[in-house]
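Heads up, structure.txt below (compact mmCIF, N, CA and C atoms):
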```txt
# COMPACT_ATOMS: atom_id res chain seq x y z
N MET A 1 84.05 110.26 78.33
CA MET A 1 85.32 109.62 78.18
C MET A 1 85.39 108.41 79.10
N ARG A 2 86.00 107.37 78.66
CA ARG A 2 86.10 106.16 79.46
C ARG A 2 87.15 106.36 80.54
N SER A 3 86.85 105.81 81.71
CA SER A 3 87.84 105.91 82.77
C SER A 3 88.90 104.83 82.56
N GLN A 4 90.13 105.19 82.84
CA GLN A 4 91.24 104.26 82.69
C GLN A 4 92.05 104.27 83.96
N LYS A 5 92.78 103.18 84.19
CA LYS A 5 93.65 103.12 85.35
C LYS A 5 94.82 104.07 85.15
N ARG A 6 95.19 104.72 86.20
CA ARG A 6 96.33 105.62 86.12
C ARG A 6 97.62 104.83 86.30
N LEU A 7 98.54 105.13 85.45
CA LEU A 7 99.86 104.51 85.52
C LEU A 7 100.88 105.57 85.89
N PRO A 8 101.99 105.16 86.46
CA PRO A 8 103.01 106.15 86.78
C PRO A 8 103.50 106.83 85.51
N GLY A 9 103.77 108.13 85.62
CA GLY A 9 104.32 108.84 84.48
C GLY A 9 103.37 109.85 83.88
N GLY A 10 102.24 110.12 84.49
CA GLY A 10 101.33 111.15 84.01
C GLY A 10 100.26 110.61 83.07
N PRO A 11 99.44 111.51 82.52
CA PRO A 11 98.31 111.10 81.70
C PRO A 11 98.72 110.38 80.41
N GLU A 12 99.83 110.76 79.81
CA GLU A 12 100.25 110.12 78.57
C GLU A 12 100.62 108.66 78.79
N ALA A 13 101.06 108.30 79.99
CA ALA A 13 101.48 106.93 80.26
C ALA A 13 100.30 105.96 80.26
N MET A 14 99.09 106.45 80.51
CA MET A 14 97.94 105.54 80.56
C MET A 14 97.29 105.37 79.20
N MET A 15 97.79 106.04 78.15
CA MET A 15 97.22 105.93 76.82
C MET A 15 98.04 104.98 75.97
N PRO A 16 97.38 104.16 75.15
CA PRO A 16 98.11 103.37 74.18
C PRO A 16 98.81 104.31 73.18
N ALA A 17 99.82 103.81 72.52
CA ALA A 17 100.62 104.64 71.62
C ALA A 17 99.78 105.24 70.49
N ALA A 18 98.84 104.46 69.94
CA ALA A 18 98.02 104.97 68.83
C ALA A 18 97.14 106.13 69.29
N VAL A 19 96.57 106.02 70.48
CA VAL A 19 95.73 107.09 71.00
C VAL A 19 96.56 108.33 71.28
N ALA A 20 97.76 108.14 71.83
CA ALA A 20 98.64 109.27 72.09
C ALA A 20 99.04 109.96 70.79
N ALA A 21 99.27 109.18 69.73
CA ALA A 21 99.62 109.77 68.44
C ALA A 21 98.45 110.56 67.87
N GLU A 22 97.23 110.00 67.96
CA GLU A 22 96.05 110.72 67.48
C GLU A 22 95.84 111.99 68.28
N ARG A 23 96.08 111.91 69.57
CA ARG A 23 95.93 113.09 70.41
C ARG A 23 96.91 114.17 69.99
N GLY A 24 98.14 113.75 69.67
CA GLY A 24 99.13 114.71 69.20
C GLY A 24 98.71 115.37 67.90
N VAL A 25 98.13 114.58 66.97
CA VAL A 25 97.65 115.12 65.70
C VAL A 25 96.54 116.13 65.95
N VAL A 26 95.58 115.76 66.80
CA VAL A 26 94.45 116.64 67.09
C VAL A 26 94.93 117.93 67.74
N GLU A 27 95.80 117.83 68.72
CA GLU A 27 96.31 119.04 69.39
C GLU A 27 97.08 119.92 68.42
N GLY A 28 97.84 119.30 67.52
CA GLY A 28 98.56 120.08 66.51
C GLY A 28 97.62 120.80 65.57
N LEU A 29 96.55 120.14 65.16
CA LEU A 29 95.57 120.77 64.29
C LEU A 29 94.84 121.91 65.00
N ILE A 30 94.52 121.70 66.26
CA ILE A 30 93.83 122.75 67.01
C ILE A 30 94.74 123.96 67.18
N ASP A 31 96.00 123.73 67.49
CA ASP A 31 96.95 124.83 67.66
C ASP A 31 97.17 125.58 66.35
N GLY A 32 97.29 124.84 65.25
CA GLY A 32 97.56 125.47 63.97
C GLY A 32 96.33 125.74 63.15
N ARG A 33 95.16 125.37 63.63
CA ARG A 33 93.87 125.52 62.97
C ARG A 33 93.76 124.74 61.67
N GLY A 34 94.54 123.70 61.52
CA GLY A 34 94.39 122.79 60.38
C GLY A 34 94.61 123.46 59.06
N ALA A 35 93.79 123.12 58.09
CA ALA A 35 93.96 123.61 56.73
C ALA A 35 93.29 124.96 56.50
N SER A 36 92.49 125.40 57.42
CA SER A 36 91.73 126.62 57.23
C SER A 36 91.73 127.46 58.50
N ARG A 37 91.71 128.74 58.31
CA ARG A 37 91.68 129.63 59.47
C ARG A 37 90.31 129.61 60.14
N TRP A 38 89.26 129.37 59.36
CA TRP A 38 87.91 129.46 59.87
C TRP A 38 87.28 128.11 60.19
N ARG A 39 87.84 127.05 59.70
CA ARG A 39 87.23 125.74 59.91
C ARG A 39 88.30 124.73 60.31
N LEU A 40 88.08 124.07 61.41
CA LEU A 40 89.00 123.05 61.89
C LEU A 40 88.75 121.77 61.11
N MET A 41 89.79 121.21 60.52
CA MET A 41 89.65 120.00 59.71
C MET A 41 90.57 118.92 60.25
N PHE A 42 90.07 117.70 60.30
CA PHE A 42 90.83 116.57 60.78
C PHE A 42 91.10 115.62 59.62
N PRO A 43 92.10 114.76 59.76
CA PRO A 43 92.35 113.76 58.73
C PRO A 43 91.11 112.87 58.55
N ASP A 44 90.90 112.39 57.32
CA ASP A 44 89.70 111.61 57.01
C ASP A 44 89.53 110.40 57.92
N ALA A 45 90.60 109.69 58.21
CA ALA A 45 90.51 108.49 59.05
C ALA A 45 90.02 108.84 60.45
N LEU A 46 90.54 109.92 61.00
CA LEU A 46 90.15 110.35 62.34
C LEU A 46 88.71 110.85 62.35
N GLU A 47 88.33 111.58 61.32
CA GLU A 47 86.96 112.09 61.22
C GLU A 47 85.97 110.93 61.09
N THR A 48 86.30 109.94 60.28
CA THR A 48 85.44 108.78 60.10
C THR A 48 85.28 108.01 61.40
N ARG A 49 86.38 107.85 62.11
CA ARG A 49 86.32 107.14 63.40
C ARG A 49 85.43 107.88 64.39
N TYR A 50 85.55 109.20 64.44
CA TYR A 50 84.72 110.00 65.33
C TYR A 50 83.24 109.83 64.99
N VAL A 51 82.91 109.91 63.70
CA VAL A 51 81.51 109.79 63.29
C VAL A 51 80.97 108.42 63.67
N GLU A 52 81.74 107.38 63.45
CA GLU A 52 81.28 106.03 63.78
C GLU A 52 81.10 105.83 65.28
N GLU A 53 82.01 106.40 66.08
CA GLU A 53 81.92 106.22 67.53
C GLU A 53 80.80 107.03 68.16
N THR A 54 80.41 108.12 67.52
CA THR A 54 79.38 108.98 68.10
C THR A 54 78.03 108.85 67.41
N ARG A 55 77.93 108.00 66.39
CA ARG A 55 76.70 107.87 65.60
C ARG A 55 75.48 107.56 66.46
N VAL A 56 75.56 106.59 67.33
CA VAL A 56 74.40 106.16 68.12
C VAL A 56 73.96 107.26 69.08
N SER A 57 74.90 107.86 69.79
CA SER A 57 74.53 108.88 70.77
C SER A 57 74.01 110.15 70.08
N ARG A 58 74.59 110.51 68.95
CA ARG A 58 74.12 111.69 68.23
C ARG A 58 72.73 111.46 67.65
N THR A 59 72.49 110.26 67.12
CA THR A 59 71.16 109.94 66.58
C THR A 59 70.12 109.96 67.69
N ARG A 60 70.46 109.38 68.84
CA ARG A 60 69.54 109.39 69.98
C ARG A 60 69.26 110.82 70.41
N GLY A 61 70.28 111.65 70.47
CA GLY A 61 70.09 113.05 70.85
C GLY A 61 69.20 113.80 69.87
N LEU A 62 69.38 113.56 68.57
CA LEU A 62 68.53 114.19 67.57
C LEU A 62 67.08 113.74 67.72
N LEU A 63 66.88 112.46 67.98
CA LEU A 63 65.53 111.94 68.14
C LEU A 63 64.86 112.54 69.38
N TYR A 64 65.57 112.56 70.50
CA TYR A 64 65.01 113.15 71.73
C TYR A 64 64.74 114.64 71.55
N SER A 65 65.62 115.34 70.88
CA SER A 65 65.40 116.77 70.63
C SER A 65 64.17 116.99 69.77
N GLY A 66 64.01 116.15 68.77
CA GLY A 66 62.83 116.27 67.90
C GLY A 66 61.54 116.01 68.65
N ILE A 67 61.53 115.00 69.50
CA ILE A 67 60.34 114.70 70.29
C ILE A 67 60.04 115.85 71.25
N PHE A 68 61.08 116.37 71.89
CA PHE A 68 60.90 117.50 72.81
C PHE A 68 60.34 118.71 72.06
N ALA A 69 60.88 119.00 70.88
CA ALA A 69 60.40 120.14 70.09
C ALA A 69 58.95 119.93 69.67
N PHE A 70 58.59 118.69 69.31
CA PHE A 70 57.23 118.36 68.94
C PHE A 70 56.28 118.63 70.10
N VAL A 71 56.62 118.19 71.29
CA VAL A 71 55.78 118.39 72.47
C VAL A 71 55.68 119.88 72.81
N MET A 72 56.80 120.58 72.76
CA MET A 72 56.77 122.02 73.07
C MET A 72 55.91 122.77 72.06
N TYR A 73 56.03 122.43 70.80
CA TYR A 73 55.23 123.09 69.77
C TYR A 73 53.74 122.83 70.01
N ALA A 74 53.39 121.61 70.38
CA ALA A 74 51.99 121.27 70.63
C ALA A 74 51.45 122.01 71.85
N THR A 75 52.31 122.30 72.83
CA THR A 75 51.84 123.01 74.03
C THR A 75 51.49 124.46 73.75
N PHE A 76 51.86 124.98 72.59
CA PHE A 76 51.44 126.33 72.24
C PHE A 76 49.92 126.40 72.07
N LEU A 77 49.28 125.25 71.96
CA LEU A 77 47.82 125.24 71.90
C LEU A 77 47.21 125.78 73.19
N ILE A 78 47.93 125.64 74.29
CA ILE A 78 47.44 126.21 75.56
C ILE A 78 47.34 127.72 75.43
N SER A 79 48.39 128.32 74.89
CA SER A 79 48.38 129.77 74.67
C SER A 79 47.29 130.15 73.68
N ASP A 80 47.13 129.37 72.63
CA ASP A 80 46.08 129.65 71.65
C ASP A 80 44.70 129.59 72.31
N THR A 81 44.50 128.65 73.23
CA THR A 81 43.22 128.52 73.92
C THR A 81 42.92 129.76 74.75
N ILE A 82 43.94 130.27 75.42
CA ILE A 82 43.75 131.43 76.30
C ILE A 82 43.58 132.72 75.51
N HIS A 83 44.44 132.93 74.52
CA HIS A 83 44.49 134.23 73.84
C HIS A 83 43.68 134.29 72.55
N ARG A 84 43.51 133.19 71.88
CA ARG A 84 42.82 133.20 70.59
C ARG A 84 41.81 132.06 70.51
N SER A 85 40.93 131.99 71.48
CA SER A 85 39.99 130.85 71.56
C SER A 85 39.06 130.79 70.35
N GLU A 86 38.78 131.93 69.72
CA GLU A 86 37.90 131.91 68.55
C GLU A 86 38.56 131.23 67.34
N ASP A 87 39.87 131.21 67.32
CA ASP A 87 40.61 130.56 66.22
C ASP A 87 41.23 129.24 66.64
N LEU A 88 40.77 128.66 67.73
CA LEU A 88 41.39 127.45 68.27
C LEU A 88 41.31 126.27 67.31
N ALA A 89 40.20 126.11 66.63
CA ALA A 89 40.06 124.98 65.71
C ALA A 89 41.07 125.08 64.57
N LEU A 90 41.23 126.27 64.03
CA LEU A 90 42.21 126.48 62.95
C LEU A 90 43.63 126.27 63.46
N ALA A 91 43.92 126.80 64.65
CA ALA A 91 45.26 126.66 65.22
C ALA A 91 45.59 125.19 65.49
N ALA A 92 44.61 124.46 66.03
CA ALA A 92 44.84 123.04 66.31
C ALA A 92 45.03 122.26 65.02
N MET A 93 44.26 122.59 64.00
CA MET A 93 44.39 121.90 62.73
C MET A 93 45.77 122.18 62.10
N LEU A 94 46.22 123.41 62.15
CA LEU A 94 47.51 123.75 61.57
C LEU A 94 48.66 123.16 62.39
N ARG A 95 48.58 123.29 63.70
CA ARG A 95 49.67 122.79 64.55
C ARG A 95 49.74 121.26 64.55
N LEU A 96 48.63 120.63 64.85
CA LEU A 96 48.64 119.17 65.01
C LEU A 96 48.49 118.45 63.67
N GLY A 97 47.67 118.99 62.79
CA GLY A 97 47.42 118.32 61.52
C GLY A 97 48.45 118.62 60.46
N GLY A 98 49.10 119.73 60.57
CA GLY A 98 50.08 120.10 59.55
C GLY A 98 51.51 119.87 60.01
N VAL A 99 51.96 120.74 60.87
CA VAL A 99 53.36 120.73 61.29
C VAL A 99 53.72 119.46 62.05
N CYS A 100 52.91 119.05 62.99
CA CYS A 100 53.25 117.88 63.82
C CYS A 100 53.20 116.57 63.03
N VAL A 101 52.32 116.48 62.05
CA VAL A 101 52.28 115.28 61.21
C VAL A 101 53.58 115.18 60.40
N VAL A 102 54.02 116.29 59.87
CA VAL A 102 55.29 116.31 59.13
C VAL A 102 56.44 115.92 60.06
N ALA A 103 56.43 116.45 61.28
CA ALA A 103 57.49 116.11 62.24
C ALA A 103 57.46 114.62 62.57
N MET A 104 56.27 114.04 62.71
CA MET A 104 56.18 112.62 63.03
C MET A 104 56.64 111.75 61.86
N LEU A 105 56.56 112.26 60.65
CA LEU A 105 57.06 111.53 59.49
C LEU A 105 58.57 111.67 59.35
N VAL A 106 59.10 112.83 59.73
CA VAL A 106 60.54 113.10 59.57
C VAL A 106 61.37 112.39 60.64
N LEU A 107 60.89 112.33 61.87
CA LEU A 107 61.68 111.73 62.95
C LEU A 107 62.10 110.29 62.67
N PRO A 108 61.22 109.41 62.19
CA PRO A 108 61.69 108.06 61.86
C PRO A 108 62.72 108.06 60.73
N LEU A 109 62.59 108.99 59.78
CA LEU A 109 63.57 109.07 58.71
C LEU A 109 64.94 109.49 59.24
N VAL A 110 64.94 110.38 60.23
CA VAL A 110 66.20 110.80 60.86
C VAL A 110 66.87 109.61 61.53
N GLN A 111 66.07 108.79 62.16
CA GLN A 111 66.62 107.63 62.86
C GLN A 111 67.19 106.61 61.89
N ARG A 112 66.61 106.49 60.71
CA ARG A 112 67.05 105.46 59.75
C ARG A 112 68.11 105.95 58.77
N ALA A 113 68.30 107.25 58.64
CA ALA A 113 69.24 107.78 57.65
C ALA A 113 70.65 107.26 57.92
N SER A 114 71.36 106.95 56.87
CA SER A 114 72.71 106.37 57.03
C SER A 114 73.77 107.44 57.20
N SER A 115 73.58 108.59 56.61
CA SER A 115 74.59 109.65 56.66
C SER A 115 74.28 110.63 57.81
N MET A 116 75.30 110.95 58.60
CA MET A 116 75.10 111.92 59.68
C MET A 116 74.82 113.30 59.10
N ARG A 117 75.37 113.60 57.94
CA ARG A 117 75.09 114.89 57.31
C ARG A 117 73.60 115.00 56.97
N LEU A 118 73.02 113.92 56.47
CA LEU A 118 71.60 113.91 56.15
C LEU A 118 70.76 114.01 57.42
N LYS A 119 71.18 113.34 58.47
CA LYS A 119 70.45 113.39 59.73
C LYS A 119 70.43 114.79 60.32
N GLU A 120 71.57 115.43 60.27
CA GLU A 120 71.67 116.73 60.94
C GLU A 120 71.26 117.85 60.03
```
Would you encode the structure as structure tokens?
Amino acid sequence: MRSQKRLPGGPEAMMPAAVAAERGVVEGLIDGRGASRWRLMFPDALETRYVEETRVSRTRGLLYSGIFAFVMYATFLISDTIHRSEDLALAAMLRLGGVCVVAMLVLPLVQRASSMRLKE
């Protein structure tokens, strides 16, 4: 959240009127659980604004998570070397040649996809 200067009158006084109104809508939806008991739903305009404001950070997080998962998956070769050294060539071929190649092809697609639903 961005830091803002505090004005006299409490937290609501430092918010512009539009932000305070959106906050009221969100709090009302959270209290009443929106249109569904099991799923919290926001108005389309508010949902679109949220997606647009968080698109870059969410995409970066997905990319970093994918790279981390790729590295962790590849490190299982250490375990394969210790416990199944006779099958190491097959394990390396399947891990690095199969699964990791697919992951390396999918990660750039995740970064370029236009829809957050498709990315996630």
Select, from A:Ala113, A:Ala17, A:Val99, A:Leu90, the residue with the minimum atom-to-atom distance to Arg55 of chain A, counting only C-alpha atoms.
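Result for the nearest residue to Arg55 of chain A: A:Ala113.
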Between atom C of Gly98 of chain A and atom N of Ile82 of chain A, what is the spacing in Å?
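Here the two named atoms are 20.1 Å from each other.
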Pick from A:Met116, A:Val101, A:Pro43, A:Ala91 nearest to Arg58 of chain A, counting only C-alpha atoms:
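Closest candidate: A:Met116.
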Two-atom distance - atom CA of Tyr50 of chain A, atom CA of Leu109 of chain A (Å)
22.2 Å
Tell me, in Å to one decimal, how far atom CA of Leu29 of chain A is from atom CA of Glu47 of chain A.
12.6 Å
